[in-house]
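> Here you go, work-v2.txt (compact mmCIF, N, CA and C atoms):
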```txt
# COMPACT_ATOMS: atom_id res chain seq x y z
N MET A 256 154.86 -90.97 -26.43
CA MET A 256 155.44 -91.25 -27.73
C MET A 256 154.37 -91.16 -28.83
N ILE A 257 153.22 -91.83 -28.60
CA ILE A 257 152.14 -91.81 -29.60
C ILE A 257 151.57 -90.41 -29.76
N THR A 258 151.39 -89.72 -28.66
CA THR A 258 150.85 -88.37 -28.75
C THR A 258 151.79 -87.44 -29.50
N THR A 259 153.09 -87.63 -29.36
CA THR A 259 154.03 -86.80 -30.11
C THR A 259 153.95 -87.08 -31.61
N LEU A 260 153.73 -88.34 -31.99
CA LEU A 260 153.60 -88.66 -33.41
C LEU A 260 152.32 -88.08 -33.98
N LEU A 261 151.24 -88.13 -33.20
CA LEU A 261 149.99 -87.56 -33.67
C LEU A 261 150.07 -86.04 -33.80
N GLN A 262 150.77 -85.43 -32.87
CA GLN A 262 150.91 -83.98 -32.92
C GLN A 262 151.83 -83.56 -34.05
N ALA A 263 152.78 -84.42 -34.41
CA ALA A 263 153.73 -84.08 -35.47
C ALA A 263 153.14 -84.29 -36.86
N ALA A 264 152.01 -85.01 -36.95
CA ALA A 264 151.38 -85.26 -38.26
C ALA A 264 150.90 -83.95 -38.84
N PRO A 265 150.98 -83.83 -40.17
CA PRO A 265 150.53 -82.59 -40.80
C PRO A 265 149.03 -82.40 -40.61
N GLY A 266 148.60 -81.17 -40.63
CA GLY A 266 147.18 -80.85 -40.44
C GLY A 266 146.35 -81.34 -41.60
N GLY A 267 145.06 -81.46 -41.38
CA GLY A 267 144.16 -81.90 -42.44
C GLY A 267 143.28 -83.02 -41.95
N SER A 268 142.22 -83.17 -42.63
CA SER A 268 141.23 -84.18 -42.26
C SER A 268 141.71 -85.58 -42.61
N GLY A 269 141.31 -86.57 -41.82
CA GLY A 269 141.66 -87.96 -42.10
C GLY A 269 141.01 -88.43 -43.39
N LEU A 270 139.82 -87.90 -43.66
CA LEU A 270 139.10 -88.27 -44.88
C LEU A 270 139.86 -87.78 -46.13
N MET A 271 140.42 -86.61 -46.04
CA MET A 271 141.14 -86.06 -47.20
C MET A 271 142.38 -86.89 -47.53
N SER A 272 142.98 -87.52 -46.53
CA SER A 272 144.16 -88.34 -46.82
C SER A 272 143.77 -89.67 -47.47
N PHE A 273 142.55 -90.13 -47.20
CA PHE A 273 142.08 -91.39 -47.80
C PHE A 273 141.32 -91.17 -49.10
N LEU A 274 140.99 -89.95 -49.44
CA LEU A 274 140.21 -89.66 -50.63
C LEU A 274 140.84 -90.19 -51.92
N PRO A 275 142.14 -90.02 -52.16
CA PRO A 275 142.72 -90.58 -53.39
C PRO A 275 142.58 -92.10 -53.47
N MET A 276 142.75 -92.78 -52.34
CA MET A 276 142.61 -94.24 -52.33
C MET A 276 141.16 -94.64 -52.61
N ILE A 277 140.21 -93.94 -52.06
CA ILE A 277 138.80 -94.22 -52.30
C ILE A 277 138.47 -94.01 -53.77
N LEU A 278 138.97 -92.94 -54.36
CA LEU A 278 138.74 -92.67 -55.79
C LEU A 278 139.34 -93.76 -56.67
N ILE A 279 140.50 -94.25 -56.32
CA ILE A 279 141.14 -95.33 -57.09
C ILE A 279 140.28 -96.58 -57.04
N VAL A 280 139.76 -96.91 -55.87
CA VAL A 280 138.90 -98.10 -55.73
C VAL A 280 137.63 -97.94 -56.56
N VAL A 281 137.01 -96.77 -56.52
CA VAL A 281 135.78 -96.52 -57.29
C VAL A 281 136.05 -96.64 -58.79
N VAL A 282 137.11 -96.03 -59.25
CA VAL A 282 137.45 -96.10 -60.68
C VAL A 282 137.75 -97.54 -61.08
N PHE A 283 138.49 -98.26 -60.26
CA PHE A 283 138.81 -99.66 -60.52
C PHE A 283 137.54 -100.49 -60.63
N TYR A 284 136.57 -100.24 -59.74
CA TYR A 284 135.31 -100.99 -59.76
C TYR A 284 134.56 -100.73 -61.07
N PHE A 285 134.40 -99.47 -61.46
CA PHE A 285 133.60 -99.16 -62.64
C PHE A 285 134.28 -99.51 -63.96
N PHE A 286 135.59 -99.53 -64.01
CA PHE A 286 136.28 -99.83 -65.27
C PHE A 286 136.79 -101.26 -65.37
N MET A 287 136.88 -102.00 -64.27
CA MET A 287 137.42 -103.35 -64.31
C MET A 287 136.43 -104.40 -63.80
N ILE A 288 135.96 -104.24 -62.60
CA ILE A 288 135.16 -105.29 -61.96
C ILE A 288 133.75 -105.35 -62.54
N ARG A 289 133.08 -104.23 -62.63
CA ARG A 289 131.68 -104.22 -63.10
C ARG A 289 131.54 -104.75 -64.53
N PRO A 290 132.36 -104.33 -65.50
CA PRO A 290 132.22 -104.89 -66.85
C PRO A 290 132.49 -106.40 -66.89
N GLN A 291 133.44 -106.87 -66.08
CA GLN A 291 133.73 -108.30 -66.05
C GLN A 291 132.54 -109.09 -65.50
N MET A 292 131.90 -108.57 -64.46
CA MET A 292 130.72 -109.24 -63.90
C MET A 292 129.58 -109.27 -64.92
N LYS A 293 129.41 -108.19 -65.68
CA LYS A 293 128.37 -108.13 -66.71
C LYS A 293 128.65 -109.15 -67.80
N LYS A 294 129.90 -109.26 -68.20
CA LYS A 294 130.28 -110.21 -69.24
C LYS A 294 130.03 -111.65 -68.77
N GLN A 295 130.36 -111.96 -67.52
CA GLN A 295 130.13 -113.30 -66.99
C GLN A 295 128.65 -113.62 -66.94
N LYS A 296 127.83 -112.65 -66.58
CA LYS A 296 126.38 -112.86 -66.51
C LYS A 296 125.81 -113.14 -67.91
N GLU A 297 126.25 -112.38 -68.92
CA GLU A 297 125.79 -112.59 -70.29
C GLU A 297 126.22 -113.96 -70.81
N HIS A 298 127.45 -114.39 -70.49
CA HIS A 298 127.94 -115.68 -70.96
C HIS A 298 127.15 -116.81 -70.31
N LYS A 299 126.84 -116.67 -69.04
CA LYS A 299 126.06 -117.70 -68.33
C LYS A 299 124.67 -117.81 -68.95
N LYS A 300 124.04 -116.67 -69.25
CA LYS A 300 122.71 -116.67 -69.88
C LYS A 300 122.78 -117.33 -71.25
N TYR A 301 123.83 -117.02 -72.00
CA TYR A 301 124.03 -117.60 -73.33
C TYR A 301 124.16 -119.12 -73.25
N ILE A 302 124.92 -119.63 -72.30
CA ILE A 302 125.12 -121.06 -72.14
C ILE A 302 123.80 -121.75 -71.80
N GLU A 303 122.99 -121.12 -70.95
CA GLU A 303 121.71 -121.69 -70.56
C GLU A 303 120.74 -121.77 -71.74
N GLU A 304 120.88 -120.88 -72.71
CA GLU A 304 119.98 -120.85 -73.86
C GLU A 304 120.35 -121.85 -74.95
N LEU A 305 121.56 -122.41 -74.90
CA LEU A 305 121.97 -123.37 -75.92
C LEU A 305 121.17 -124.65 -75.82
N GLY A 306 120.87 -125.24 -76.97
CA GLY A 306 120.12 -126.49 -76.99
C GLY A 306 120.66 -127.42 -78.05
N VAL A 307 119.94 -128.52 -78.25
CA VAL A 307 120.32 -129.53 -79.24
C VAL A 307 120.33 -128.88 -80.63
N ASN A 308 121.29 -129.28 -81.44
CA ASN A 308 121.53 -128.81 -82.81
C ASN A 308 122.12 -127.40 -82.89
N SER A 309 122.48 -126.80 -81.76
CA SER A 309 123.18 -125.51 -81.80
C SER A 309 124.63 -125.77 -82.20
N LYS A 310 125.14 -124.97 -83.11
CA LYS A 310 126.55 -125.09 -83.51
C LYS A 310 127.36 -124.20 -82.58
N ILE A 311 128.45 -124.77 -82.04
CA ILE A 311 129.26 -124.05 -81.05
C ILE A 311 130.74 -124.12 -81.38
N VAL A 312 131.49 -123.27 -80.73
CA VAL A 312 132.96 -123.30 -80.76
C VAL A 312 133.41 -123.32 -79.31
N THR A 313 134.29 -124.26 -78.97
CA THR A 313 134.77 -124.36 -77.59
C THR A 313 135.94 -123.41 -77.38
N THR A 314 136.35 -123.27 -76.14
CA THR A 314 137.49 -122.40 -75.83
C THR A 314 138.78 -122.94 -76.43
N ALA A 315 138.80 -124.24 -76.75
CA ALA A 315 139.98 -124.85 -77.38
C ALA A 315 139.95 -124.68 -78.90
N GLY A 316 138.85 -124.12 -79.42
CA GLY A 316 138.74 -123.89 -80.85
C GLY A 316 138.10 -125.03 -81.62
N ILE A 317 137.49 -125.98 -80.93
CA ILE A 317 136.84 -127.11 -81.58
C ILE A 317 135.42 -126.71 -81.97
N HIS A 318 135.11 -126.90 -83.26
CA HIS A 318 133.78 -126.59 -83.78
C HIS A 318 132.94 -127.85 -83.76
N GLY A 319 131.67 -127.70 -83.43
CA GLY A 319 130.79 -128.87 -83.42
C GLY A 319 129.34 -128.48 -83.25
N ARG A 320 128.49 -129.52 -83.19
CA ARG A 320 127.05 -129.35 -83.05
C ARG A 320 126.62 -130.11 -81.80
N ILE A 321 125.82 -129.48 -80.97
CA ILE A 321 125.35 -130.11 -79.73
C ILE A 321 124.36 -131.22 -80.07
N VAL A 322 124.63 -132.42 -79.53
CA VAL A 322 123.77 -133.57 -79.74
C VAL A 322 122.91 -133.85 -78.51
N GLU A 323 123.49 -133.61 -77.34
CA GLU A 323 122.80 -133.91 -76.09
C GLU A 323 123.19 -132.87 -75.04
N VAL A 324 122.22 -132.48 -74.23
CA VAL A 324 122.46 -131.52 -73.17
C VAL A 324 122.18 -132.19 -71.83
N SER A 325 123.15 -132.13 -70.92
CA SER A 325 122.92 -132.61 -69.56
C SER A 325 123.07 -131.43 -68.61
N GLU A 326 123.04 -131.70 -67.33
CA GLU A 326 123.05 -130.62 -66.35
C GLU A 326 124.32 -129.77 -66.41
N THR A 327 125.48 -130.41 -66.56
CA THR A 327 126.74 -129.66 -66.54
C THR A 327 127.57 -129.83 -67.81
N THR A 328 127.12 -130.68 -68.75
CA THR A 328 127.93 -130.94 -69.94
C THR A 328 127.09 -130.92 -71.21
N PHE A 329 127.80 -130.82 -72.34
CA PHE A 329 127.21 -130.97 -73.67
C PHE A 329 127.90 -132.14 -74.35
N LEU A 330 127.15 -132.95 -75.09
CA LEU A 330 127.73 -133.96 -75.96
C LEU A 330 127.74 -133.32 -77.34
N VAL A 331 128.93 -133.19 -77.92
CA VAL A 331 129.10 -132.43 -79.15
C VAL A 331 129.60 -133.35 -80.25
N ASP A 332 128.92 -133.31 -81.41
CA ASP A 332 129.36 -134.04 -82.59
C ASP A 332 130.34 -133.13 -83.33
N VAL A 333 131.60 -133.59 -83.44
CA VAL A 333 132.64 -132.75 -84.05
C VAL A 333 132.92 -133.15 -85.50
N GLY A 334 132.15 -134.07 -86.04
CA GLY A 334 132.31 -134.47 -87.43
C GLY A 334 132.70 -135.92 -87.57
N SER A 335 132.32 -136.54 -88.67
CA SER A 335 132.62 -137.94 -88.98
C SER A 335 132.13 -138.88 -87.88
N GLY A 336 131.03 -138.50 -87.23
CA GLY A 336 130.46 -139.34 -86.19
C GLY A 336 131.21 -139.32 -84.87
N VAL A 337 132.21 -138.50 -84.75
CA VAL A 337 132.98 -138.40 -83.51
C VAL A 337 132.23 -137.48 -82.55
N LYS A 338 131.97 -138.00 -81.35
CA LYS A 338 131.26 -137.21 -80.35
C LYS A 338 132.16 -137.03 -79.13
N MET A 339 132.17 -135.80 -78.62
CA MET A 339 133.00 -135.47 -77.46
C MET A 339 132.11 -134.79 -76.42
N ARG A 340 132.40 -135.05 -75.16
CA ARG A 340 131.64 -134.42 -74.08
C ARG A 340 132.47 -133.26 -73.53
N PHE A 341 131.82 -132.08 -73.47
CA PHE A 341 132.47 -130.87 -72.98
C PHE A 341 131.70 -130.31 -71.80
N ASP A 342 132.42 -129.75 -70.86
CA ASP A 342 131.79 -129.01 -69.77
C ASP A 342 131.15 -127.76 -70.37
N LYS A 343 130.03 -127.34 -69.81
CA LYS A 343 129.34 -126.16 -70.36
C LYS A 343 130.21 -124.91 -70.33
N SER A 344 131.10 -124.81 -69.37
CA SER A 344 131.96 -123.63 -69.28
C SER A 344 133.01 -123.59 -70.40
N ALA A 345 133.20 -124.69 -71.13
CA ALA A 345 134.20 -124.74 -72.20
C ALA A 345 133.67 -124.17 -73.51
N VAL A 346 132.39 -123.81 -73.56
CA VAL A 346 131.82 -123.25 -74.79
C VAL A 346 132.14 -121.77 -74.86
N ALA A 347 132.74 -121.36 -75.98
CA ALA A 347 133.14 -119.97 -76.12
C ALA A 347 132.07 -119.14 -76.82
N LEU A 348 131.53 -119.62 -77.94
CA LEU A 348 130.52 -118.86 -78.66
C LEU A 348 129.69 -119.76 -79.55
N ASP A 349 128.59 -119.21 -79.99
CA ASP A 349 127.66 -119.91 -80.86
C ASP A 349 128.15 -119.75 -82.30
N ALA A 350 128.52 -120.85 -82.94
CA ALA A 350 129.09 -120.79 -84.30
C ALA A 350 128.06 -120.33 -85.31
N SER A 351 126.78 -120.64 -85.12
CA SER A 351 125.77 -120.21 -86.09
C SER A 351 125.61 -118.69 -86.05
N LYS A 352 125.73 -118.07 -84.87
CA LYS A 352 125.69 -116.62 -84.78
C LYS A 352 126.96 -116.02 -85.38
N ALA A 353 128.10 -116.67 -85.15
CA ALA A 353 129.36 -116.17 -85.70
C ALA A 353 129.34 -116.21 -87.23
N ALA A 354 128.71 -117.23 -87.79
CA ALA A 354 128.62 -117.34 -89.25
C ALA A 354 127.75 -116.24 -89.83
N ASN A 355 126.77 -115.78 -89.06
CA ASN A 355 125.89 -114.71 -89.53
C ASN A 355 126.46 -113.33 -89.26
N GLY A 356 127.60 -113.28 -88.59
CA GLY A 356 128.22 -112.00 -88.28
C GLY A 356 127.84 -111.47 -86.91
N ASP A 357 126.97 -112.17 -86.19
CA ASP A 357 126.57 -111.76 -84.84
C ASP A 357 127.42 -112.54 -83.86
N THR A 358 128.36 -111.87 -83.22
CA THR A 358 129.22 -112.54 -82.25
C THR A 358 128.81 -112.16 -80.84
N VAL A 359 129.21 -112.96 -79.90
CA VAL A 359 128.96 -112.68 -78.50
C VAL A 359 129.78 -111.48 -78.10
N LYS A 360 129.19 -110.56 -77.30
CA LYS A 360 129.93 -109.39 -76.84
C LYS A 360 131.11 -109.82 -76.01
N LYS A 361 132.22 -109.19 -76.25
CA LYS A 361 133.42 -109.52 -75.48
C LYS A 361 133.71 -108.47 -74.48
```
Represent the supplied structure as structure tokens.


Amino acid sequence: MITTLLQAAPGGSGLMSFLPMILIVVVFYFFMIRPQMKKQKEHKKYIEELGVNSKIVTTAGIHGRIVEVSETTFLVDVGSGVKMRFDKSAVALDASKAANGDTVKK
């Protein structure tokens, strides 16, 4: 039964039948996965460079100034003496760079 199915298969190399799938994976990697990994690496480097008195904008859109930096969080003064603690991953961009027209690459 198996030999009849193999003999009935159209001629051609096994590699040639997988070539379109391989090309799709390669294109997907270079246009989707690789740019996303680069963006994540740049954002991580940016977060590590932030320090006290840096003006930031969180992913929720809250603007503030960093008052204290800990291992995984920032204490942010959001105005009128109100201070909020945010996880470092919640920081979207540096507000002082945004004010100067220099934004983080997206």

> State, in Å with one decimal place, the distance from atom CA of Val346 of chain A to atom CA of Leu305 of chain A.

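Value for the atom CA of Val346 of chain A-atom CA of Leu305 of chain A distance: 9.9 Å.
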
> Interatomic distance between atom C of Ser309 of chain A and atom N of Glu297 of chain A?

18.9 Å

> I need every residue sitting at most 6.5 Å from the point (129.2, -131.3, -68.7) (coordinates as in the file, only N, CA and C atoms considered), written as a PyMOL selection string.

chain A and resi 325-329+340-343

> Write a file of the just-selected residues containing N, CA and C atoms, as a tab-separated table (two decimals), in the frame of the given file.


```tsv
chain	number	residue	atom	x	y	z
A	325	SER	N	123.15	-132.13	-70.92
A	325	SER	CA	122.92	-132.61	-69.56
A	325	SER	C	123.07	-131.43	-68.61
A	326	GLU	N	123.04	-131.70	-67.33
A	326	GLU	CA	123.05	-130.62	-66.35
A	326	GLU	C	124.32	-129.77	-66.41
A	327	THR	N	125.48	-130.41	-66.56
A	327	THR	CA	126.74	-129.66	-66.54
A	327	THR	C	127.57	-129.83	-67.81
A	328	THR	N	127.12	-130.68	-68.75
A	328	THR	CA	127.93	-130.94	-69.94
A	328	THR	C	127.09	-130.92	-71.21
A	329	PHE	N	127.80	-130.82	-72.34
A	329	PHE	CA	127.21	-130.97	-73.67
A	329	PHE	C	127.90	-132.14	-74.35
A	340	ARG	N	132.40	-135.05	-75.16
A	340	ARG	CA	131.64	-134.42	-74.08
A	340	ARG	C	132.47	-133.26	-73.53
A	341	PHE	N	131.82	-132.08	-73.47
A	341	PHE	CA	132.47	-130.87	-72.98
A	341	PHE	C	131.70	-130.31	-71.80
A	342	ASP	N	132.42	-129.75	-70.86
A	342	ASP	CA	131.79	-129.01	-69.77
A	342	ASP	C	131.15	-127.76	-70.37
A	343	LYS	N	130.03	-127.34	-69.81
A	343	LYS	CA	129.34	-126.16	-70.36
A	343	LYS	C	130.21	-124.91	-70.33
```

> To one decimal place in Å, what is the distance between atom CA of Val333 of chain A and atom CA of Ala345 of chain A?

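We find that atom CA of Val333 of chain A and atom CA of Ala345 of chain A lie 14.4 Å from each other.
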
> Where does DSSP see strand (DSSP E) in segment 273-353 of chain A, if you list the residues as a ChimeraX atom specification?

/A:310-313,318-324,328-334,337-342,346-349
